[in-house]
Amino acid sequence: MEREFSVVLIKPDGVERSLTGEIISRIERVGLKMSACKLVIVDETVADKHYGYNDQWFQNVGEKLIEFYKEHGIDPNEEIGTMEPKEVDKMVQER
């Protein structure tokens with residue numbers, strides 16, 4: 001039987017909200033086992049390399065965010081200040 005490996009990343013907001021233990025518990029509850037754990041503080045250069053930002057990426061994520069706002073009855077222009085998908089996503093990334 002071939003073993004499979006997965007990588008789980010917990011972003012800073014998840015750590016700040018003390019969700020790390022809950023996430024690990026859920027992983028173990030479904031029968032998966034942790035083989036390693038590592039805490040890494042990532043700088044902006046590494047994050048940019050990991051996410052591979054480009055214009056199409058900003059466009060896609062911005063469009064999804066605008067759609068999410070609309071589905072929840074929130075005016076993206078009023079909430080964020082723009083309706084341009086690339087600008088919406090860049091603003092979110094800066095936050």
# chains A, B, ... in the order shown; residues from 1 in each chain; ligands from 1

call {"tool": "residues_around", "arguments": {"residues": "Glu63 of chain A", "least_positions_apart": "5", "cutoff": "9 Å", "atoms": "only C-alpha atoms", "output": "PyMOL selection string"}}
result
chain A and resi 58+68+84-86+88-89

call {"tool": "select_by_dssp", "arguments": {"residues": "chain A", "states": "alpha helix (DSSP H)", "output": "ChimeraX atom specification"}}
result
/A:12-16,20-29,44-51,55-71,76-80,85-94

call {"tool": "atom_distance", "arguments": {"atom1": "atom CA of Ile24 of chain A", "atom2": "atom CA of Glu4 of chain A"}}
result
17.4 Å

call {"tool": "residues_around", "arguments": {"residues": "Lys38 of chain A", "least_positions_apart": "3", "cutoff": "12 Å", "atoms": "only C-alpha atoms", "output": "PDB file with N, CA and C atoms, in the first residue's frame"}}
result
ATOM      1  N   VAL A   7       0.460  18.347   3.065  1.00  0.00           N
ATOM      2  CA  VAL A   7       0.989  19.470   3.819  1.00  0.00           C
ATOM      3  C   VAL A   7      -0.195  20.317   4.264  1.00  0.00           C
ATOM      4  N   VAL A   8      -0.223  20.661   5.530  1.00  0.00           N
ATOM      5  CA  VAL A   8      -1.274  21.516   6.063  1.00  0.00           C
ATOM      6  C   VAL A   8      -0.621  22.807   6.522  1.00  0.00           C
ATOM      7  N   LEU A   9      -1.108  23.913   6.014  1.00  0.00           N
ATOM      8  CA  LEU A   9      -0.602  25.219   6.413  1.00  0.00           C
ATOM      9  C   LEU A   9      -1.663  25.918   7.248  1.00  0.00           C
ATOM     10  N   ILE A  10      -1.265  26.434   8.384  1.00  0.00           N
ATOM     11  CA  ILE A  10      -2.166  27.235   9.203  1.00  0.00           C
ATOM     12  C   ILE A  10      -1.651  28.660   9.120  1.00  0.00           C
ATOM     13  N   MET A  34       0.114  12.663  12.077  1.00  0.00           N
ATOM     14  CA  MET A  34       1.133  13.675  11.808  1.00  0.00           C
ATOM     15  C   MET A  34       2.500  13.022  11.889  1.00  0.00           C
ATOM     16  N   SER A  35       3.309  13.256  10.862  1.00  0.00           N
ATOM     17  CA  SER A  35       4.657  12.710  10.880  1.00  0.00           C
ATOM     18  C   SER A  35       5.690  13.785  11.195  1.00  0.00           C
ATOM     19  N   ILE A  41       8.121  31.202  10.320  1.00  0.00           N
ATOM     20  CA  ILE A  41       7.685  32.578  10.147  1.00  0.00           C
ATOM     21  C   ILE A  41       8.160  32.993   8.756  1.00  0.00           C
ATOM     22  N   VAL A  42       7.190  33.231   7.891  1.00  0.00           N
ATOM     23  CA  VAL A  42       7.468  33.457   6.476  1.00  0.00           C
ATOM     24  C   VAL A  42       7.539  34.955   6.191  1.00  0.00           C
TER      25      VAL A  42
END

call {"tool": "atom_distance", "arguments": {"atom1": "atom CA of Lys11 of chain A", "atom2": "atom CA of Glu78 of chain A"}}
result
27.4 Å

call {"tool": "atom_distance", "arguments": {"atom1": "atom CA of Ala47 of chain A", "atom2": "atom CA of Thr20 of chain A"}}
result
19.8 Å

call {"tool": "residues_around", "arguments": {"residues": "Asn77 of chain A", "least_positions_apart": "5", "cutoff": "12 Å", "atoms": "only C-alpha atoms", "output": "list in words"}}
result
Leu65, Ile66, Glu67, Tyr69, Lys70, Thr82, Met83, Glu84, Pro85, Glu87 and Val88 of chain A

call {"tool": "closest_residue", "arguments": {"among": "A:Glu71, A:Glu2, A:Glu16, A:Asp48", "to": "Glu94 of chain A", "atoms": "only C-alpha atoms"}}
result
A:Asp48

call {"tool": "decode", "arguments": {"residues": "chain A", "atoms": "C-alpha atoms", "output": "PDB file, in the first residue's frame"}}
result
ATOM      1  CA  MET A   1       0.000   0.000   0.000  1.00  0.00           C
ATOM      2  CA  GLU A   2       1.429   3.336  -1.057  1.00  0.00           C
ATOM      3  CA  ARG A   3       1.636   6.071   1.569  1.00  0.00           C
ATOM      4  CA  GLU A   4       0.366   9.528   0.808  1.00  0.00           C
ATOM      5  CA  PHE A   5       1.584  12.732   2.363  1.00  0.00           C
ATOM      6  CA  SER A   6      -0.140  16.078   2.657  1.00  0.00           C
ATOM      7  CA  VAL A   7       0.989  19.470   3.819  1.00  0.00           C
ATOM      8  CA  VAL A   8      -1.274  21.516   6.063  1.00  0.00           C
ATOM      9  CA  LEU A   9      -0.602  25.219   6.413  1.00  0.00           C
ATOM     10  CA  ILE A  10      -2.166  27.235   9.203  1.00  0.00           C
ATOM     11  CA  LYS A  11      -2.031  30.891   8.310  1.00  0.00           C
ATOM     12  CA  PRO A  12      -1.224  33.592  10.893  1.00  0.00           C
ATOM     13  CA  ASP A  13      -4.880  34.438  11.526  1.00  0.00           C
ATOM     14  CA  GLY A  14      -5.548  30.788  12.435  1.00  0.00           C
ATOM     15  CA  VAL A  15      -2.635  30.814  14.880  1.00  0.00           C
ATOM     16  CA  GLU A  16      -3.788  34.149  16.343  1.00  0.00           C
ATOM     17  CA  ARG A  17      -7.281  32.722  16.836  1.00  0.00           C
ATOM     18  CA  SER A  18      -5.788  29.693  18.660  1.00  0.00           C
ATOM     19  CA  LEU A  19      -7.126  27.213  16.085  1.00  0.00           C
ATOM     20  CA  THR A  20      -3.932  25.160  15.764  1.00  0.00           C
ATOM     21  CA  GLY A  21      -4.971  22.547  18.333  1.00  0.00           C
ATOM     22  CA  GLU A  22      -8.457  22.221  16.848  1.00  0.00           C
ATOM     23  CA  ILE A  23      -7.034  21.729  13.348  1.00  0.00           C
ATOM     24  CA  ILE A  24      -4.614  19.045  14.542  1.00  0.00           C
ATOM     25  CA  SER A  25      -7.451  17.343  16.466  1.00  0.00           C
ATOM     26  CA  ARG A  26      -9.602  17.211  13.342  1.00  0.00           C
ATOM     27  CA  ILE A  27      -6.762  15.712  11.338  1.00  0.00           C
ATOM     28  CA  GLU A  28      -6.223  12.996  13.949  1.00  0.00           C
ATOM     29  CA  ARG A  29      -9.971  12.407  14.443  1.00  0.00           C
ATOM     30  CA  VAL A  30     -10.352  11.225  10.840  1.00  0.00           C
ATOM     31  CA  GLY A  31      -7.500   8.755  11.286  1.00  0.00           C
ATOM     32  CA  LEU A  32      -4.640  10.698   9.754  1.00  0.00           C
ATOM     33  CA  LYS A  33      -1.301  10.814  11.525  1.00  0.00           C
ATOM     34  CA  MET A  34       1.133  13.675  11.808  1.00  0.00           C
ATOM     35  CA  SER A  35       4.657  12.710  10.880  1.00  0.00           C
ATOM     36  CA  ALA A  36       6.190  16.148  11.402  1.00  0.00           C
ATOM     37  CA  CYS A  37       5.348  19.625  12.550  1.00  0.00           C
ATOM     38  CA  LYS A  38       7.253  22.813  11.906  1.00  0.00           C
ATOM     39  CA  LEU A  39       6.599  26.455  12.799  1.00  0.00           C
ATOM     40  CA  VAL A  40       7.903  28.813  10.155  1.00  0.00           C
ATOM     41  CA  ILE A  41       7.685  32.578  10.147  1.00  0.00           C
ATOM     42  CA  VAL A  42       7.468  33.457   6.476  1.00  0.00           C
ATOM     43  CA  ASP A  43       8.673  36.765   5.088  1.00  0.00           C
ATOM     44  CA  GLU A  44       7.024  38.557   2.170  1.00  0.00           C
ATOM     45  CA  THR A  45       9.483  37.204  -0.406  1.00  0.00           C
ATOM     46  CA  VAL A  46       8.757  33.571   0.504  1.00  0.00           C
ATOM     47  CA  ALA A  47       4.987  34.218   0.598  1.00  0.00           C
ATOM     48  CA  ASP A  48       5.071  35.822  -2.854  1.00  0.00           C
ATOM     49  CA  LYS A  49       7.035  32.858  -4.206  1.00  0.00           C
ATOM     50  CA  HIS A  50       4.609  30.368  -2.614  1.00  0.00           C
ATOM     51  CA  TYR A  51       1.442  32.012  -3.917  1.00  0.00           C
ATOM     52  CA  GLY A  52       2.879  32.856  -7.345  1.00  0.00           C
ATOM     53  CA  TYR A  53       1.043  36.137  -7.683  1.00  0.00           C
ATOM     54  CA  ASN A  54       0.419  37.384 -11.205  1.00  0.00           C
ATOM     55  CA  ASP A  55      -2.200  39.572 -12.851  1.00  0.00           C
ATOM     56  CA  GLN A  56      -4.497  36.630 -13.655  1.00  0.00           C
ATOM     57  CA  TRP A  57      -4.295  35.408 -10.054  1.00  0.00           C
ATOM     58  CA  PHE A  58      -5.264  38.845  -8.699  1.00  0.00           C
ATOM     59  CA  GLN A  59      -8.099  39.049 -11.239  1.00  0.00           C
ATOM     60  CA  ASN A  60      -9.530  35.622 -10.327  1.00  0.00           C
ATOM     61  CA  VAL A  61      -9.359  36.080  -6.571  1.00  0.00           C
ATOM     62  CA  GLY A  62     -10.762  39.612  -6.803  1.00  0.00           C
ATOM     63  CA  GLU A  63     -13.707  38.379  -8.889  1.00  0.00           C
ATOM     64  CA  LYS A  64     -14.443  35.634  -6.359  1.00  0.00           C
ATOM     65  CA  LEU A  65     -14.319  38.105  -3.479  1.00  0.00           C
ATOM     66  CA  ILE A  66     -16.667  40.539  -5.231  1.00  0.00           C
ATOM     67  CA  GLU A  67     -19.067  37.648  -5.936  1.00  0.00           C
ATOM     68  CA  PHE A  68     -18.882  36.585  -2.266  1.00  0.00           C
ATOM     69  CA  TYR A  69     -19.757  40.109  -1.113  1.00  0.00           C
ATOM     70  CA  LYS A  70     -22.710  40.286  -3.489  1.00  0.00           C
ATOM     71  CA  GLU A  71     -24.022  36.872  -2.371  1.00  0.00           C
ATOM     72  CA  HIS A  72     -24.019  38.137   1.212  1.00  0.00           C
ATOM     73  CA  GLY A  73     -25.746  41.422   0.392  1.00  0.00           C
ATOM     74  CA  ILE A  74     -22.669  43.590   0.863  1.00  0.00           C
ATOM     75  CA  ASP A  75     -21.767  46.325  -1.618  1.00  0.00           C
ATOM     76  CA  PRO A  76     -18.082  45.701  -2.470  1.00  0.00           C
ATOM     77  CA  ASN A  77     -17.610  49.275  -3.638  1.00  0.00           C
ATOM     78  CA  GLU A  78     -18.893  50.633  -0.329  1.00  0.00           C
ATOM     79  CA  GLU A  79     -17.032  48.069   1.798  1.00  0.00           C
ATOM     80  CA  ILE A  80     -13.688  48.054  -0.042  1.00  0.00           C
ATOM     81  CA  GLY A  81     -13.807  51.245  -2.103  1.00  0.00           C
ATOM     82  CA  THR A  82     -13.452  49.727  -5.562  1.00  0.00           C
ATOM     83  CA  MET A  83     -15.111  47.255  -7.912  1.00  0.00           C
ATOM     84  CA  GLU A  84     -11.943  46.487  -9.914  1.00  0.00           C
ATOM     85  CA  PRO A  85     -11.112  42.809  -9.145  1.00  0.00           C
ATOM     86  CA  LYS A  86      -7.322  43.225  -9.287  1.00  0.00           C
ATOM     87  CA  GLU A  87      -7.459  46.208  -6.924  1.00  0.00           C
ATOM     88  CA  VAL A  88      -9.850  44.388  -4.571  1.00  0.00           C
ATOM     89  CA  ASP A  89      -7.479  41.465  -4.207  1.00  0.00           C
ATOM     90  CA  LYS A  90      -4.352  43.590  -3.849  1.00  0.00           C
ATOM     91  CA  MET A  91      -6.089  45.481  -1.036  1.00  0.00           C
ATOM     92  CA  VAL A  92      -6.982  42.206   0.694  1.00  0.00           C
ATOM     93  CA  GLN A  93      -3.410  40.908   0.326  1.00  0.00           C
ATOM     94  CA  GLU A  94      -2.031  44.065   1.920  1.00  0.00           C
ATOM     95  CA  ARG A  95      -4.314  43.605   4.926  1.00  0.00           C
TER      96      ARG A  95
END
